[in-house]
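As provided, work.cif (mmCIF, C-alpha atoms and all ligand atoms) reads as follows.
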```
data_my_file
#
loop_
_atom_site.label_atom_id
_atom_site.label_comp_id
_atom_site.auth_asym_id
_atom_site.auth_seq_id
_atom_site.Cartn_x
_atom_site.Cartn_y
_atom_site.Cartn_z
CA MET A 1 51.03 243.47 274.60
CA GLU A 2 48.83 243.28 271.52
CA LYS A 3 51.35 245.11 269.27
CA GLY A 4 54.17 242.94 270.58
CA ILE A 5 52.21 239.80 269.75
CA ASN A 6 51.38 240.89 266.21
CA GLU A 7 55.00 241.79 265.43
CA LEU A 8 56.16 238.53 266.92
CA LYS A 9 53.67 236.56 264.85
CA LYS A 10 55.20 238.09 261.70
CA VAL A 11 58.69 237.01 262.81
CA ILE A 12 57.52 233.48 263.56
CA ILE A 13 55.54 232.95 260.37
CA ARG A 14 58.67 233.79 258.32
CA ALA A 15 61.30 232.06 260.47
CA LYS A 16 62.97 228.93 259.11
CA ARG A 17 65.24 228.15 262.06
CA VAL A 18 63.51 228.37 265.43
CA THR A 19 64.65 227.20 268.85
CA VAL A 20 62.46 227.19 271.95
CA LEU A 21 63.64 226.88 275.55
CA THR A 22 61.04 225.98 278.16
CA GLY A 23 61.04 225.83 281.94
CA ALA A 24 58.66 224.87 284.71
CA GLY A 25 56.25 227.71 283.90
CA ILE A 26 54.94 225.96 280.78
CA SER A 27 53.72 223.05 282.92
CA ALA A 28 52.29 225.27 285.67
CA GLU A 29 48.89 225.45 283.95
CA SER A 30 48.86 221.64 283.87
CA GLY A 31 49.09 221.71 287.66
CA VAL A 32 52.82 220.99 288.06
CA PRO A 33 54.34 223.27 290.74
CA THR A 34 57.26 225.45 289.66
CA PHE A 35 60.56 225.30 291.55
CA ARG A 36 60.91 228.83 292.82
CA GLY A 37 58.34 231.10 294.38
CA SER A 38 56.43 231.41 297.59
CA GLY A 39 56.33 228.50 299.99
CA GLY A 40 59.27 226.51 298.63
CA LEU A 41 58.92 223.47 296.41
CA TRP A 42 57.94 220.58 298.68
CA ARG A 43 57.12 220.76 302.37
CA ASN A 44 59.66 223.26 303.72
CA TYR A 45 62.39 222.31 301.28
CA GLU A 46 63.87 224.51 298.58
CA VAL A 47 64.95 222.93 295.28
CA THR A 48 68.60 223.31 296.34
CA ASP A 49 67.87 221.06 299.38
CA VAL A 50 66.54 218.14 297.36
CA ALA A 51 68.10 218.34 293.89
CA THR A 52 71.76 217.75 294.70
CA PRO A 53 73.91 214.59 294.77
CA GLN A 54 74.92 215.54 298.33
CA ALA A 55 71.29 215.48 299.49
CA PHE A 56 70.83 212.04 297.89
CA ALA A 57 74.02 210.69 299.49
CA ARG A 58 72.91 212.03 302.89
CA ASP A 59 69.33 210.79 302.83
CA PRO A 60 68.29 208.84 299.71
CA LYS A 61 64.95 207.84 301.25
CA LEU A 62 63.98 211.50 301.72
CA ILE A 63 64.93 212.32 298.13
CA TRP A 64 62.97 209.30 296.85
CA GLU A 65 60.00 210.52 298.89
CA PHE A 66 60.26 213.84 297.04
CA TYR A 67 60.51 212.14 293.62
CA ASN A 68 57.69 209.69 294.42
CA TRP A 69 55.52 212.70 295.29
CA ARG A 70 56.46 214.30 291.95
CA ARG A 71 55.82 211.04 290.03
CA ASP A 72 52.40 210.68 291.60
CA LEU A 73 51.49 214.32 290.95
CA ILE A 74 52.67 214.32 287.33
CA SER A 75 50.98 211.00 286.55
CA LYS A 76 47.66 212.71 287.32
CA VAL A 77 48.09 215.72 285.01
CA THR A 78 48.34 216.18 281.27
CA PHE A 79 49.82 218.60 278.73
CA ASN A 80 48.12 221.95 278.19
CA ALA A 81 47.45 224.39 275.33
CA GLY A 82 51.00 225.78 275.61
CA HIS A 83 52.62 222.38 275.03
CA LYS A 84 50.19 221.78 272.14
CA ALA A 85 51.01 225.12 270.49
CA LEU A 86 54.70 224.17 270.43
CA VAL A 87 53.79 220.97 268.58
CA GLU A 88 52.06 223.16 265.97
CA LEU A 89 55.12 225.41 265.77
CA GLU A 90 57.37 222.38 265.19
CA LYS A 91 55.16 221.27 262.27
CA HIS A 92 55.37 224.74 260.70
CA VAL A 93 59.13 225.35 260.98
CA ASN A 94 61.79 223.61 258.82
CA ASP A 95 64.55 223.62 261.38
CA PHE A 96 63.08 223.43 264.86
CA THR A 97 64.49 222.44 268.24
CA LEU A 98 62.68 222.39 271.56
CA ILE A 99 65.04 222.49 274.52
CA THR A 100 63.31 221.83 277.82
CA GLN A 101 64.61 222.00 281.36
CA ASN A 102 61.52 220.10 282.49
CA VAL A 103 61.71 216.45 283.50
CA ASP A 104 57.94 215.88 283.52
CA GLY A 105 57.69 214.40 280.00
CA LEU A 106 54.69 216.57 279.08
CA HIS A 107 56.25 217.92 275.85
CA ARG A 108 56.70 214.37 274.53
CA GLN A 109 53.22 213.43 275.71
CA ALA A 110 51.84 216.41 273.75
CA GLY A 111 53.62 215.20 270.58
CA SER A 112 56.87 217.20 270.39
CA LYS A 113 59.53 215.25 268.48
CA ARG A 114 62.61 217.40 268.03
CA LEU A 115 63.08 217.64 271.78
CA LEU A 116 66.12 217.90 274.05
CA GLU A 117 65.35 217.15 277.72
CA ILE A 118 68.54 218.69 279.04
CA HIS A 119 67.80 218.02 282.75
CA GLY A 120 66.76 214.42 282.13
CA ASN A 121 63.47 212.63 282.63
CA LEU A 122 61.56 211.90 285.81
CA TRP A 123 60.39 208.54 284.45
CA GLU A 124 63.90 207.17 284.04
CA VAL A 125 66.06 205.71 286.80
CA ARG A 126 69.79 205.12 286.83
CA CYS A 127 71.75 202.61 288.91
CA THR A 128 74.33 204.35 291.09
CA LYS A 129 76.52 201.22 290.89
CA CYS A 130 76.41 199.86 287.32
CA GLY A 131 75.02 202.97 285.60
CA VAL A 132 72.25 201.20 283.70
CA VAL A 133 69.35 203.50 282.77
CA THR A 134 65.80 202.15 282.66
CA MET A 135 62.36 203.59 282.13
CA ASP A 136 59.97 203.00 285.01
CA ARG A 137 56.61 204.74 285.07
CA SER A 138 55.62 203.64 288.61
CA LYS A 139 53.94 206.35 290.62
CA ASN A 140 55.75 205.06 293.67
CA MET A 141 59.22 203.55 293.39
CA GLY A 142 59.28 202.65 297.10
CA GLN A 143 61.54 203.98 299.84
CA LEU A 144 64.84 202.89 298.30
CA PRO A 145 64.57 201.14 294.92
CA THR A 146 67.43 198.87 293.83
CA CYS A 147 68.80 197.66 290.50
CA THR A 148 67.57 194.24 289.37
CA ALA A 149 70.90 193.62 287.62
CA CYS A 150 73.40 194.42 290.39
CA GLY A 151 71.49 195.39 293.55
CA GLY A 152 72.85 198.98 293.53
CA ILE A 153 70.67 201.86 294.70
CA LEU A 154 68.67 203.51 291.91
CA ARG A 155 68.41 207.28 291.53
CA PRO A 156 66.22 209.44 289.30
CA ASN A 157 67.93 209.97 285.93
CA VAL A 158 67.82 213.75 286.22
CA ILE A 159 70.50 216.42 286.45
CA TRP A 160 71.05 217.81 289.92
CA PHE A 161 72.97 220.96 290.91
CA GLY A 162 76.71 220.52 290.53
CA GLU A 163 76.28 217.70 287.99
CA SER A 164 77.28 218.04 284.36
CA LEU A 165 74.66 217.85 281.67
CA ASN A 166 74.91 215.06 279.09
CA PRO A 167 77.68 216.40 276.78
CA ASP A 168 75.94 215.36 273.56
CA MET A 169 72.66 216.91 274.71
CA ILE A 170 74.15 220.26 275.77
CA HIS A 171 76.23 220.34 272.57
CA LYS A 172 73.05 219.98 270.51
CA ALA A 173 71.29 222.63 272.63
CA ILE A 174 74.14 225.11 272.14
CA GLU A 175 74.24 224.39 268.41
CA ALA A 176 70.47 224.90 268.10
CA SER A 177 70.73 228.17 270.03
CA GLN A 178 73.65 229.50 268.01
CA ASN A 179 72.17 228.51 264.65
CA CYS A 180 68.60 229.72 265.03
CA GLU A 181 67.23 232.99 263.69
CA PHE A 182 64.59 233.22 266.41
CA MET A 183 64.58 231.89 269.97
CA LEU A 184 61.56 231.75 272.25
CA ILE A 185 62.11 231.45 276.01
CA VAL A 186 59.02 230.22 277.87
CA GLY A 187 58.28 229.97 281.59
CA THR A 188 61.76 229.90 283.06
CA SER A 189 63.25 232.08 285.78
CA GLY A 190 66.45 232.16 283.72
CA ILE A 191 68.80 231.67 286.64
CA VAL A 192 69.95 228.06 286.31
CA GLN A 193 73.04 227.54 284.18
CA PRO A 194 73.92 226.45 281.57
CA ALA A 195 70.32 226.70 280.25
CA ALA A 196 70.06 230.39 281.17
CA SER A 197 72.98 231.30 278.89
CA LEU A 198 71.42 229.79 275.77
CA ALA A 199 69.30 232.85 274.99
CA PHE A 200 72.41 235.05 275.11
CA GLN A 201 74.26 232.65 272.83
CA ALA A 202 71.43 232.94 270.33
CA LYS A 203 71.38 236.73 270.56
CA ALA A 204 75.18 236.95 270.21
CA LYS A 205 74.85 235.13 266.87
CA GLY A 206 72.21 237.56 265.65
CA ALA A 207 68.95 235.81 266.55
CA LEU A 208 65.90 237.67 267.77
CA ILE A 209 64.90 236.51 271.25
CA ALA A 210 61.50 236.60 272.92
CA GLU A 211 60.29 235.76 276.41
CA ILE A 212 56.89 234.54 277.57
CA ASN A 213 56.45 234.64 281.34
CA ILE A 214 53.85 235.75 283.87
CA GLU A 215 56.46 238.03 285.40
CA GLN A 216 59.69 239.85 284.59
CA THR A 217 62.91 237.82 284.86
CA PRO A 218 66.58 238.86 285.06
CA GLN A 219 66.66 238.23 281.28
CA SER A 220 63.65 240.38 280.33
CA GLY A 221 65.69 243.51 279.69
CA HIS A 222 67.76 241.71 277.04
CA MET A 223 64.79 240.42 275.06
CA ASP A 224 63.60 241.76 271.70
CA PHE A 225 60.04 240.83 272.71
CA VAL A 226 58.58 240.37 276.18
CA LEU A 227 55.08 238.91 276.32
CA THR A 228 53.71 238.95 279.84
CA GLY A 229 51.04 236.37 280.62
CA PRO A 230 50.40 232.64 280.95
CA ALA A 231 52.13 230.45 278.37
CA GLY A 232 48.94 228.44 277.89
CA GLU A 233 47.20 231.57 276.62
CA ILE A 234 49.99 233.35 274.72
CA LEU A 235 51.53 230.40 272.83
CA PRO A 236 48.22 229.39 271.15
CA MET A 237 47.82 233.01 269.97
CA LEU A 238 51.27 232.87 268.33
CA VAL A 239 50.37 229.86 266.20
CA GLU A 240 46.68 230.54 265.54
CA ASP A 241 47.30 231.65 261.93
CA PHE A 242 49.08 228.41 260.93
CA ASN A 243 46.87 226.09 258.93
C1 LIG B 301 55.01 231.01 284.02
C2 LIG B 301 53.77 230.47 284.30
C3 LIG B 301 52.88 230.41 283.26
C4 LIG B 301 54.86 230.39 286.10
N1 LIG B 301 53.24 230.86 282.05
N2 LIG B 301 55.35 231.45 282.81
C5 LIG B 301 77.55 229.59 286.34
C6 LIG B 301 77.34 230.61 287.26
C7 LIG B 301 76.78 230.33 288.51
C8 LIG B 301 76.41 229.03 288.85
C9 LIG B 301 76.61 228.04 287.94
C10 LIG B 301 77.18 228.31 286.71
N3 LIG B 301 77.24 227.15 286.00
C11 LIG B 301 76.74 226.16 286.76
C12 LIG B 301 76.35 226.68 287.94
C13 LIG B 301 75.76 225.92 289.06
C14 LIG B 301 74.33 225.58 288.86
C15 LIG B 301 73.49 226.82 288.75
O1 LIG B 301 73.07 227.26 287.70
N4 LIG B 301 73.13 227.42 289.87
C16 LIG B 301 72.26 228.61 289.90
C17 LIG B 301 71.20 228.42 290.97
C18 LIG B 301 73.09 229.82 290.05
N5 LIG B 301 74.15 224.74 287.68
C19 LIG B 301 74.41 223.45 287.69
O2 LIG B 301 74.87 222.91 288.69
C20 LIG B 301 74.18 222.66 286.42
N6 LIG B 301 75.33 221.89 286.12
C21 LIG B 301 76.42 222.38 285.52
O3 LIG B 301 76.43 223.49 285.03
O4 LIG B 301 77.49 221.52 285.51
C22 LIG B 301 78.80 222.07 285.33
C23 LIG B 301 79.15 222.91 286.56
C24 LIG B 301 78.85 222.46 287.83
C25 LIG B 301 79.15 223.24 288.95
C26 LIG B 301 79.76 224.49 288.80
C27 LIG B 301 80.06 224.93 287.51
C28 LIG B 301 79.77 224.13 286.39
C29 LIG B 301 73.05 221.69 286.61
C30 LIG B 301 71.73 222.34 286.86
C31 LIG B 301 70.66 221.28 287.14
C32 LIG B 301 69.34 221.88 287.53
N7 LIG B 301 68.50 220.83 288.01
C33 LIG B 301 67.11 221.14 288.35
C34 LIG B 301 66.45 219.86 288.92
C35 LIG B 301 66.16 218.87 287.81
C36 LIG B 301 65.54 217.62 288.32
C37 LIG B 301 64.14 217.80 288.85
O5 LIG B 301 63.28 218.44 288.22
O6 LIG B 301 63.89 217.25 289.90
O7 LIG B 301 66.40 221.57 287.19
S1 LIG B 301 66.95 222.50 289.49
C38 LIG B 301 65.50 223.16 288.75
O8 LIG B 301 65.79 224.47 288.18
C39 LIG B 301 65.17 222.23 287.57
C40 LIG B 301 64.74 223.23 286.54
O9 LIG B 301 64.82 222.63 285.25
C41 LIG B 301 65.68 224.37 286.75
C42 LIG B 301 65.20 225.67 286.17
O10 LIG B 301 64.02 226.09 286.78
P1 LIG B 301 62.90 226.81 285.91
O11 LIG B 301 62.36 225.88 284.90
O12 LIG B 301 63.38 228.10 285.43
O13 LIG B 301 61.72 226.97 287.01
P2 LIG B 301 61.47 228.15 288.06
O14 LIG B 301 60.53 227.62 289.08
O15 LIG B 301 62.73 228.72 288.55
O16 LIG B 301 60.77 229.29 287.21
C43 LIG B 301 59.46 229.13 286.68
C44 LIG B 301 59.17 230.37 285.83
O17 LIG B 301 57.92 230.17 285.20
C45 LIG B 301 59.06 231.66 286.65
O18 LIG B 301 59.81 232.68 285.99
C46 LIG B 301 57.58 231.99 286.63
O19 LIG B 301 57.32 233.40 286.64
C47 LIG B 301 57.16 231.37 285.32
N8 LIG B 301 55.77 230.97 285.23
N9 LIG B 301 53.77 230.12 285.67
C48 LIG B 301 54.51 231.40 281.90
N10 LIG B 301 51.65 229.93 283.45
ZN ZN B 302 72.98 198.21 288.67
#
```
Here is the file; what I need is its structure written in the form of structure tokens.
Ligand code: BJW
Ligand code: ZN
Amino acid sequence: MEKGINELKKVIIRAKRVTVLTGAGISAESGVPTFRGSGGLWRNYEVTDVATPQAFARDPKLIWEFYNWRRDLISKVTFNAGHKALVELEKHVNDFTLITQNVDGLHRQAGSKRLLEIHGNLWEVRCTKCGVVTMDRSKNMGQLPTCTACGGILRPNVIWFGESLNPDMIHKAIEASQNCEFMLIVGTSGIVQPAASLAFQAKAKGALIAEINIEQTPQSGHMDFVLTGPAGEILPMLVEDFN
């Protein structure tokens, strides 16, 4: 691992166009549970049971219970050394984009600016009737929150399975992936599309790609660098020579 890290540090210190893609693993050391792994995500539910428009249509109170649990949990945690290291990287690189699949808001809380939250934000709600989007940082939105403007049922403003990503957002993410010279993939299982394809789009355009994860993923074999370990330990090592 040591040799890999030192070579990677040389790539990063020289790179002018860098794109980073993060997933749930970067927030794991803050205490935010990841989606996949032993035990399921919440109670006995898998993410595919609670993060679909069909599940919300069937039982919106249950889905709000899940999101209220997430809101409460995330309100009690803070960003970690991994999030902070990416803020340092952003300061060092001319052309930098951070694409995150996470909805927890911890990258912004840490100070990241050039950020694309491609799966939305847990702290925003959207009216299912009039479409208005509002920020609401309540830890508990109640059983079935409604829109103050039209009375419609509110939903979390996040992207569920089967839903399209915001076209402008995914366009920018693809552009940042295709135009970078180096892409860093942190803490994602690399199975949810279209995010999972971004690393391959970068590589197809000639970028070097690197993965930081505590375990191997289906994408590991395609990486130019694989650094195995916690993001909160490895990311600070990558930026420790910046002044
Ligand atoms: C650590 C660590 C530490 C732990 N340090 N690492 C093409 C082919 C097949 C299917 C599709 C396709 N295109 C679209 C689909 C369907 C679907 C899809 O991808 N399904 C797959 C399951 C196959 N995609 C969609 O529906 C997307 N929409 C779309 O493409 O629209 C057009 C379309 C629709 C339908 C058909 C075709 C086209 C939308 C996807 C939305 C995903 N939404 C969620 C919920 C968001 C809201 C919320 O948070 O509540 O997003 S699901 C969930 O998964 C969440 C995550 O952002 C996402 C990715 O998960 P992530 O981040 O990778 O987390 P984990 O838990 O999986 O992995 C954590 C990793 O961290 C692990 O590897 C650990 O080892 C590691 N780790 N601790 C470093 N300390
Ligand atoms: Zn409304």
Exercise. Which residue gives the smallest distance to ligand ZN 302 (chain B) among A:Val133, A:Ala85, A:Ser189, A:His119, with all atoms listed in the file counted?
Worked result: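 For ligand ZN 302 (chain B), the nearest of the candidates is A:Val133.
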Problem set entry | Asp95 in chain A environment, 7 Å, all atoms listed in the file, sequence neighbours closer than 4 positions dropped, as a PyMOL selection string | chain A and resi 16-18
Exercise. Which protein, DNA or RNA residues have an atom within 8 Å of ligand LIG 301 (chain B), counting all atoms listed in the file, as a PyMOL selection string?
Worked result: chain A and resi 22-29+33-37+47-48+50-51+67+100-104+119-122+158-165+186-196+212-217+228-232
Kindly provide, as a CSV table (one decimal) with C-alpha atoms, in the frame of the given file, all nucleotide and amino acid residues lying within 10 Å of ligand ZN 302 (chain B), counting all atoms listed in the file.
```
chain,number,residue,atom,x,y,z
A,126,ARG,CA,69.8,205.1,286.8
A,127,CYS,CA,71.8,202.6,288.9
A,128,THR,CA,74.3,204.4,291.1
A,129,LYS,CA,76.5,201.2,290.9
A,130,CYS,CA,76.4,199.9,287.3
A,131,GLY,CA,75.0,203.0,285.6
A,132,VAL,CA,72.2,201.2,283.7
A,133,VAL,CA,69.4,203.5,282.8
A,146,THR,CA,67.4,198.9,293.8
A,147,CYS,CA,68.8,197.7,290.5
A,148,THR,CA,67.6,194.2,289.4
A,149,ALA,CA,70.9,193.6,287.6
A,150,CYS,CA,73.4,194.4,290.4
A,151,GLY,CA,71.5,195.4,293.6
A,152,GLY,CA,72.8,199.0,293.5
A,153,ILE,CA,70.7,201.9,294.7
A,154,LEU,CA,68.7,203.5,291.9
```
Taking every listed atom of range 16-19 of chain A and adding 4 Å to each side, what centre and edge lengths in Å (one decimal) does the axis-aligned box have, as AutoDock Vina command-line options?
```
--center_x 64.1 --center_y 228.1 --center_z 264.0 --size_x 10.3 --size_y 9.7 --size_z 17.7
```
Problem set entry | Point-to-point distance from CA of Asn166 in chain A to CA of Phe182 in chain A, Å rounded to tenths |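 Computed distance, CA of Asn166 in chain A to CA of Phe182 in chain A, equals 24.4 Å.
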Problem set entry | Shell around Ser220 in chain A at 9 Å using all atoms listed in the file, local window under 4 positions removed, as a ChimeraX atom specification | /A:210-211,216,224-226
Problem set entry | Contact residues around Ile13 in chain A with all atoms listed in the file at 9 Å, ignoring same-chain residues under 2 positions, as an MDAnalysis selection string | chainID A and resid 8:11 15:16 92:93 239 241:242
